[in-house]
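Undergrad: What follows is target22.txt; its format and atoms are compact mmCIF, C-alpha atoms and all ligand atoms.
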# COMPACT_ATOMS: atom_id res chain seq x y z
CA MET A 31 -63.15 118.63 -218.08
CA ASN A 32 -62.98 116.33 -221.10
CA ASP A 33 -60.98 117.32 -224.13
CA VAL A 34 -63.56 119.55 -225.83
CA THR A 35 -61.34 120.06 -228.85
CA SER A 36 -62.08 116.50 -230.02
CA LEU A 37 -65.88 116.67 -229.79
CA ARG A 38 -67.94 116.06 -232.94
CA THR A 39 -68.60 119.11 -235.08
CA ASP A 40 -70.03 117.79 -238.32
CA TYR A 41 -73.66 118.45 -239.22
CA ALA A 42 -75.73 116.66 -241.85
CA LYS A 43 -79.38 116.66 -240.80
CA GLY A 44 -80.82 119.21 -243.18
CA ALA A 45 -80.45 122.12 -245.58
CA LEU A 46 -81.88 125.59 -245.86
CA ASP A 47 -82.77 126.80 -249.33
CA GLU A 48 -83.98 130.25 -250.41
CA ALA A 49 -86.68 128.56 -252.48
CA ASP A 50 -88.14 126.72 -249.47
CA VAL A 51 -88.23 129.37 -246.73
CA ALA A 52 -91.35 131.40 -245.90
CA ALA A 53 -91.58 134.97 -247.22
CA ALA A 54 -92.33 136.22 -243.70
CA PRO A 55 -89.60 135.37 -241.15
CA HIS A 56 -92.02 134.86 -238.25
CA GLU A 57 -93.67 132.12 -240.34
CA GLN A 58 -90.31 130.48 -240.95
CA LEU A 59 -89.61 130.62 -237.20
CA ALA A 60 -93.05 129.16 -236.43
CA ARG A 61 -92.27 126.34 -238.87
CA TRP A 62 -88.98 125.56 -237.07
CA VAL A 63 -90.58 125.74 -233.61
CA ASP A 64 -93.28 123.32 -234.82
CA GLU A 65 -90.62 120.99 -236.24
CA ALA A 66 -88.70 121.14 -232.93
CA VAL A 67 -91.92 120.18 -231.09
CA ALA A 68 -92.62 117.38 -233.57
CA ALA A 69 -89.05 116.09 -233.16
CA ASN A 70 -89.45 116.05 -229.36
CA ALA A 71 -86.61 118.53 -228.95
CA PRO A 72 -86.23 119.38 -225.24
CA GLU A 73 -87.70 122.80 -224.29
CA PRO A 74 -88.55 123.59 -227.94
CA ASN A 75 -89.77 127.12 -227.08
CA ALA A 76 -86.81 128.06 -224.87
CA MET A 77 -84.72 130.96 -226.09
CA ALA A 78 -81.73 132.85 -224.73
CA LEU A 79 -82.59 136.51 -224.15
CA THR A 80 -79.66 138.91 -224.21
CA THR A 81 -80.05 142.40 -222.82
CA VAL A 82 -77.59 145.22 -222.31
CA ALA A 83 -77.42 147.28 -219.12
CA ALA A 84 -77.16 151.06 -219.02
CA ASP A 85 -73.37 150.69 -218.56
CA GLY A 86 -73.10 148.67 -221.81
CA LYS A 87 -72.62 145.27 -220.20
CA PRO A 88 -74.57 142.41 -221.81
CA SER A 89 -76.18 139.48 -219.96
CA SER A 90 -78.16 136.45 -221.11
CA ARG A 91 -80.72 134.08 -219.65
CA ILE A 92 -83.31 131.61 -220.94
CA VAL A 93 -86.98 132.60 -221.23
CA LEU A 94 -89.89 130.80 -222.88
CA LEU A 95 -91.54 131.94 -226.11
CA ARG A 96 -95.26 132.41 -225.36
CA GLY A 97 -96.46 134.23 -228.47
CA LEU A 98 -95.30 134.60 -232.08
CA ASP A 99 -96.90 136.48 -234.96
CA ALA A 100 -96.13 139.24 -237.47
CA GLU A 101 -95.95 141.70 -234.55
CA GLY A 102 -93.11 139.89 -232.84
CA LEU A 103 -92.07 137.40 -230.16
CA VAL A 104 -93.62 137.50 -226.67
CA PHE A 105 -92.24 136.26 -223.35
CA TYR A 106 -93.38 136.85 -219.76
CA THR A 107 -91.35 137.96 -216.78
CA ASN A 108 -90.99 140.32 -213.83
CA TYR A 109 -90.71 143.93 -215.05
CA GLU A 110 -88.51 144.81 -212.04
CA SER A 111 -85.99 142.01 -212.66
CA ARG A 112 -82.46 142.59 -213.90
CA LYS A 113 -83.61 142.02 -217.49
CA GLY A 114 -86.51 144.41 -216.87
CA GLU A 115 -84.08 147.12 -215.78
CA ASP A 116 -81.92 146.52 -218.85
CA LEU A 117 -84.92 146.68 -221.18
CA ALA A 118 -86.11 149.92 -219.56
CA ALA A 119 -82.64 151.39 -220.12
CA THR A 120 -82.00 150.31 -223.72
CA GLY A 121 -85.30 149.19 -225.27
CA CYS A 122 -83.71 146.45 -227.35
CA ALA A 123 -82.79 142.78 -227.08
CA ALA A 124 -81.48 139.73 -228.89
CA LEU A 125 -83.05 136.27 -228.79
CA LEU A 126 -81.44 132.96 -229.63
CA PHE A 127 -83.01 129.57 -230.25
CA PHE A 128 -80.82 126.47 -230.44
CA TRP A 129 -82.20 123.04 -231.28
CA PRO A 130 -79.11 120.81 -231.13
CA THR A 131 -80.88 117.65 -232.30
CA LEU A 132 -82.02 119.49 -235.46
CA GLU A 133 -78.67 121.27 -235.87
CA ARG A 134 -80.49 124.58 -236.09
CA GLN A 135 -80.08 128.03 -234.60
CA VAL A 136 -82.19 131.17 -235.00
CA ARG A 137 -81.07 134.67 -233.99
CA VAL A 138 -83.57 137.50 -233.62
CA GLU A 139 -82.84 141.14 -232.84
CA GLY A 140 -85.18 144.04 -232.28
CA ALA A 141 -86.81 146.69 -230.18
CA VAL A 142 -88.73 145.65 -227.07
CA SER A 143 -91.98 146.93 -225.63
CA ARG A 144 -94.41 145.78 -222.97
CA VAL A 145 -97.53 143.99 -224.22
CA PRO A 146 -100.87 145.58 -223.27
CA THR A 147 -101.93 144.78 -219.68
CA ALA A 148 -105.03 142.96 -220.98
CA VAL A 149 -102.76 140.54 -222.88
CA SER A 150 -100.64 139.88 -219.77
CA GLU A 151 -103.82 139.43 -217.73
CA ALA A 152 -105.20 136.83 -220.13
CA TYR A 153 -101.92 134.89 -220.08
CA PHE A 154 -101.58 135.18 -216.28
CA ARG A 155 -105.11 133.85 -215.80
CA SER A 156 -104.22 130.82 -217.94
CA ARG A 157 -101.39 129.80 -215.55
CA PRO A 158 -101.84 127.37 -212.65
CA ARG A 159 -102.73 129.06 -209.34
CA GLU A 160 -99.35 128.07 -207.78
CA SER A 161 -97.48 129.83 -210.61
CA ARG A 162 -99.58 132.97 -210.11
CA ILE A 163 -98.89 132.93 -206.35
CA GLY A 164 -95.21 132.34 -207.15
CA ALA A 165 -95.14 135.44 -209.32
CA TRP A 166 -96.41 137.50 -206.36
CA ALA A 167 -93.91 135.84 -204.00
CA SER A 168 -90.75 136.53 -206.01
CA ALA A 169 -89.15 139.96 -206.32
CA GLN A 170 -87.16 138.43 -209.19
CA SER A 171 -83.39 139.14 -209.21
CA GLN A 172 -83.40 140.64 -205.69
CA PRO A 173 -81.13 139.06 -203.01
CA LEU A 174 -82.71 136.35 -200.87
CA ALA A 175 -81.29 135.54 -197.41
CA THR A 176 -82.60 131.98 -197.21
CA ARG A 177 -84.82 129.52 -199.07
CA GLU A 178 -87.19 129.70 -196.07
CA GLU A 179 -87.77 133.40 -196.71
CA LEU A 180 -89.05 132.54 -200.19
CA ALA A 181 -91.38 129.89 -198.75
CA ARG A 182 -92.64 132.48 -196.26
CA ARG A 183 -93.30 134.98 -199.04
CA PHE A 184 -95.17 132.29 -200.99
CA ASP A 185 -97.32 131.46 -197.93
CA GLU A 186 -98.08 135.16 -197.38
CA ALA A 187 -99.23 135.61 -200.99
CA ASP A 188 -101.18 132.34 -200.75
CA ALA A 189 -103.03 133.66 -197.67
CA ARG A 190 -103.62 137.07 -199.29
CA TYR A 191 -105.31 135.50 -202.34
CA PRO A 192 -106.98 132.36 -200.95
CA GLY A 193 -109.31 131.68 -203.89
CA GLU A 194 -108.81 131.09 -207.61
CA ASP A 195 -108.91 134.83 -208.22
CA VAL A 196 -105.22 135.76 -208.06
CA PRO A 197 -104.76 139.18 -209.70
CA LEU A 198 -101.97 140.10 -212.11
CA PRO A 199 -99.10 141.68 -210.12
CA PRO A 200 -98.43 145.24 -211.36
CA PHE A 201 -94.73 144.33 -211.72
CA TRP A 202 -95.29 141.29 -213.95
CA GLY A 203 -96.21 140.84 -217.60
CA GLY A 204 -95.15 140.31 -221.17
CA TYR A 205 -92.57 141.87 -223.43
CA ARG A 206 -92.72 141.79 -227.20
CA VAL A 207 -89.51 141.79 -229.21
CA VAL A 208 -90.34 143.51 -232.50
CA PRO A 209 -87.76 142.05 -234.87
CA GLU A 210 -85.56 143.95 -237.32
CA ARG A 211 -83.43 140.95 -238.18
CA PHE A 212 -83.81 137.16 -238.17
CA GLU A 213 -81.04 134.74 -239.00
CA PHE A 214 -81.71 131.06 -239.66
CA TRP A 215 -78.76 128.68 -239.41
CA GLN A 216 -78.75 125.07 -240.52
CA GLY A 217 -75.64 123.00 -239.90
CA ARG A 218 -74.10 121.41 -242.99
CA PRO A 219 -71.10 119.13 -243.58
CA SER A 220 -67.55 120.51 -243.75
CA ARG A 221 -68.55 123.75 -241.99
CA LEU A 222 -70.41 124.87 -245.11
CA HIS A 223 -73.49 125.77 -243.08
CA ASP A 224 -76.55 127.52 -244.48
CA ARG A 225 -77.22 131.01 -243.10
CA LEU A 226 -80.21 133.01 -244.32
CA VAL A 227 -80.85 136.50 -242.95
CA TYR A 228 -84.12 138.41 -243.15
CA GLN A 229 -83.51 142.12 -242.71
CA LEU A 230 -86.37 144.58 -242.37
CA LYS A 231 -86.30 147.25 -245.08
CA THR A 232 -87.55 150.30 -243.19
CA ALA A 233 -88.76 152.05 -246.36
CA ASP A 234 -91.64 149.70 -247.13
CA GLY A 235 -91.65 147.28 -244.19
CA ALA A 236 -90.79 144.33 -246.45
CA TRP A 237 -88.11 141.75 -245.65
CA ALA A 238 -84.93 141.34 -247.67
CA LEU A 239 -83.45 137.84 -247.75
CA GLN A 240 -79.66 137.45 -247.85
CA ARG A 241 -77.40 134.41 -247.66
CA LEU A 242 -74.25 134.78 -245.55
CA MET A 243 -71.01 132.86 -245.59
CA PRO A 244 -70.84 130.37 -242.75
C1 LIG B 1 -85.90 126.53 -219.38
C2 LIG B 1 -86.01 127.85 -218.67
C3 LIG B 1 -87.13 128.64 -218.89
C4 LIG B 1 -87.26 129.88 -218.26
N1 LIG B 1 -88.34 130.68 -218.56
C5 LIG B 1 -88.42 131.91 -218.01
C6 LIG B 1 -89.46 132.81 -218.41
O1 LIG B 1 -90.27 132.52 -219.30
N2 LIG B 1 -89.53 134.00 -217.77
C7 LIG B 1 -88.63 134.38 -216.80
O2 LIG B 1 -88.76 135.47 -216.26
N3 LIG B 1 -87.62 133.57 -216.45
C8 LIG B 1 -87.48 132.35 -217.02
N4 LIG B 1 -86.44 131.53 -216.68
C9 LIG B 1 -85.47 132.00 -215.64
C10 LIG B 1 -84.49 132.99 -216.28
O3 LIG B 1 -83.51 132.27 -217.04
C11 LIG B 1 -83.78 133.89 -215.25
O4 LIG B 1 -83.18 133.10 -214.25
C12 LIG B 1 -84.75 134.86 -214.57
O5 LIG B 1 -85.69 135.39 -215.49
C13 LIG B 1 -83.99 136.02 -213.92
O6 LIG B 1 -83.23 136.71 -214.89
P1 LIG B 1 -82.67 138.20 -214.65
O7 LIG B 1 -82.19 138.25 -213.21
O8 LIG B 1 -81.56 138.38 -215.63
O9 LIG B 1 -83.80 139.16 -214.88
C14 LIG B 1 -86.26 130.31 -217.33
C15 LIG B 1 -85.14 129.51 -217.13
C16 LIG B 1 -85.00 128.31 -217.80
C17 LIG B 1 -83.74 127.49 -217.60
Is it possible to express this structure as structure tokens?
TA:
Amino acid sequence: MNDVTSLRTDYAKGALDEADVAAAPHEQLARWVDEAVAANAPEPNAMALTTVAADGKPSSRIVLLRGLDAEGLVFYTNYESRKGEDLAATGCAALLFFWPTLERQVRVEGAVSRVPTAVSEAYFRSRPRESRIGAWASAQSQPLATREELARRFDEADARYPGEDVPLPPFWGGYRVVPERFEFWQGRPSRLHDRLVYQLKTADGAWALQRLMP
């Protein structure tokens, strides 16, 4: 490995000011996702999802943001996957966006619930047929003896649903992370980064904005 201690660590692309951020944190996040798209950032809607298992052990993986509004952040997956088991056990998760070219990070934490089946159905229907067959073929996170076995499972699902009408698997759908906390980070020179936290005030459902030391 190269000497990682000498890699560049100075940031100067932007600033984050209390006066400029949206009052609602999901709007601020939408703004940053849009700016990442406009800047051609790779995988602008990719986010690391961290879950915690029943035994307290955390694990992370990337998923794609597929919905964002005042209700929360939505992603789609297999409910019987490792992450699905964790979410069933703990009911909460953390999400992390990182757009290196914009020198920005966003952290989101909250409770997690399944989206209504009708919402998952609408999203599933919007996916290409091969993706829908693939969802049926993969018992996500389960051991697989060979690559050929996966191809066989795909062919079986393909034969079972020959037309365009591929139904939503009962084990597949969306989760919504309902945020309690958002943190927006903008890299600044000399490690004097901007960090603004929105914390949900449970009393009235409003958001409190707080700057943190970098
Ligand atoms: C760029 C990228 C996007 C991904 N998007 C998703 C996604 O939206 N949903 C999903 O279930 N897995 C997605 N994955 C795969 C997950 O990272 C992970 O491998 C899979 O969900 C199994 O995780 P688990 O065994 O912890 O449940 C994506 C991976 C990458 C690298």
Undergrad: Between A:Val207, A:Ala119, A:Val67, A:Leu94, which has the minimum distance to ligand LIG 1 (chain B) (counting only C-alpha atoms and all ligand atoms)?
TA: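 Between A:Val207, A:Ala119, A:Val67, A:Leu94, the residue approaching ligand LIG 1 (chain B) most closely is A:Leu94.
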Undergrad: Could you list, as a PyMOL selection string, all residues that come within 10 Å of ligand LIG 1 (chain B)? Count all atoms listed in the file.
TA: chain A and resi 72-81+89-96+104-117+165+169-172+202-204
Undergrad: Enumerate, in order of chain and increasing residue number, the residues of segment 87-142 of chain A with an atom no farther than 8 Å from segment 209-219 of chain A, each with its shortest atom pair and distance in Å to one decimal, counting only C-alpha atoms, as a Markdown table.
TA:
| residue | atom | partner | partner_atom | distance |
| --- | --- | --- | --- | --- |
| A:Gly102 | CA | A:Pro209 | CA | 6.1 |
| A:Leu103 | CA | A:Pro209 | CA | 7.9 |
| A:Glu133 | CA | A:Gly217 | CA | 5.3 |
| A:Arg134 | CA | A:Gln216 | CA | 4.8 |
| A:Gln135 | CA | A:Trp215 | CA | 5.0 |
| A:Val136 | CA | A:Phe214 | CA | 4.7 |
| A:Arg137 | CA | A:Glu213 | CA | 5.0 |
| A:Val138 | CA | A:Phe212 | CA | 4.6 |
| A:Glu139 | CA | A:Arg211 | CA | 5.4 |
| A:Gly140 | CA | A:Pro209 | CA | 4.2 |
| A:Ala141 | CA | A:Pro209 | CA | 6.7 |
Undergrad: Rounded to one decimal in Å, what is the spacing between atom CA of Thr120 of chain A and atom CA of Val142 of chain A?
TA: 8.8 Å
Undergrad: In Å to one decimal, how far is atom CA of Ile163 of chain A from atom CA of Arg190 of chain A?
TA: 9.5 Å
Undergrad: Which one is closest to Trp166 of chain A: A:Leu226, A:Ala66, A:Leu198, A:Ala42? Count all atoms listed in the file.
TA: A:Leu198
Undergrad: What does the distance between atom CA of Val227 of chain A and atom CA of Ala84 of chain A come to in Å, to one decimal place?
TA: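 Answer for the atom CA of Val227 of chain A to atom CA of Ala84 of chain A separation: 28.3 Å.
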Undergrad: Of the candidates A:Pro197, A:Arg183, A:Leu174, A:Glu48, which shows the shortest atom-to-atom distance to Tyr153 of chain A, using all atoms listed in the file?
TA: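 Using all atoms listed in the file, Tyr153 of chain A sits closest to A:Pro197.
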Undergrad: Measuring between only C-alpha atoms, which one of A:Leu46, A:Val34, A:Ala233, A:Val63 shows the shortest distance to Trp129 of chain A?
TA: A:Val63
Undergrad: What residues have an atom no more than 10 Å from (-68.4, 118.8, -234.9) in the file's own frame, counting only C-alpha atoms, and can you write them as a list in words?
TA: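 With a cut-off of 10 Å, the residues come to Thr35, Ser36, Leu37, Arg38, Thr39, Asp40, Tyr41, Gly217, Pro219, Ser220 and Arg221 of chain A.
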Undergrad: Between A:Thr147, A:Ala152, A:Arg206, A:Val196, which is the closest to Leu125 of chain A once you count only C-alpha atoms?
TA: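 Answer, going by the shortest atom-to-atom distance: A:Arg206.
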Undergrad: Write out as AutoDock Vina command-line options an axis-aligned box for segment 44-57 of chain A: all of its atoms listed in the file, 6 Å added on each side, centre and edge lengths in Å with one decimal.
TA:
--center_x -87.1 --center_y 127.7 --center_z -245.4 --size_x 25.2 --size_y 29.0 --size_z 26.2
Undergrad: In terms of the shortest atom-to-atom distance over all atoms listed in the file, which of A:Ala123, A:Asn70, A:Ala54, A:Glu178 is closest to Ala238 of chain A?
TA: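 Result for the nearest residue to Ala238 of chain A: A:Ala54.
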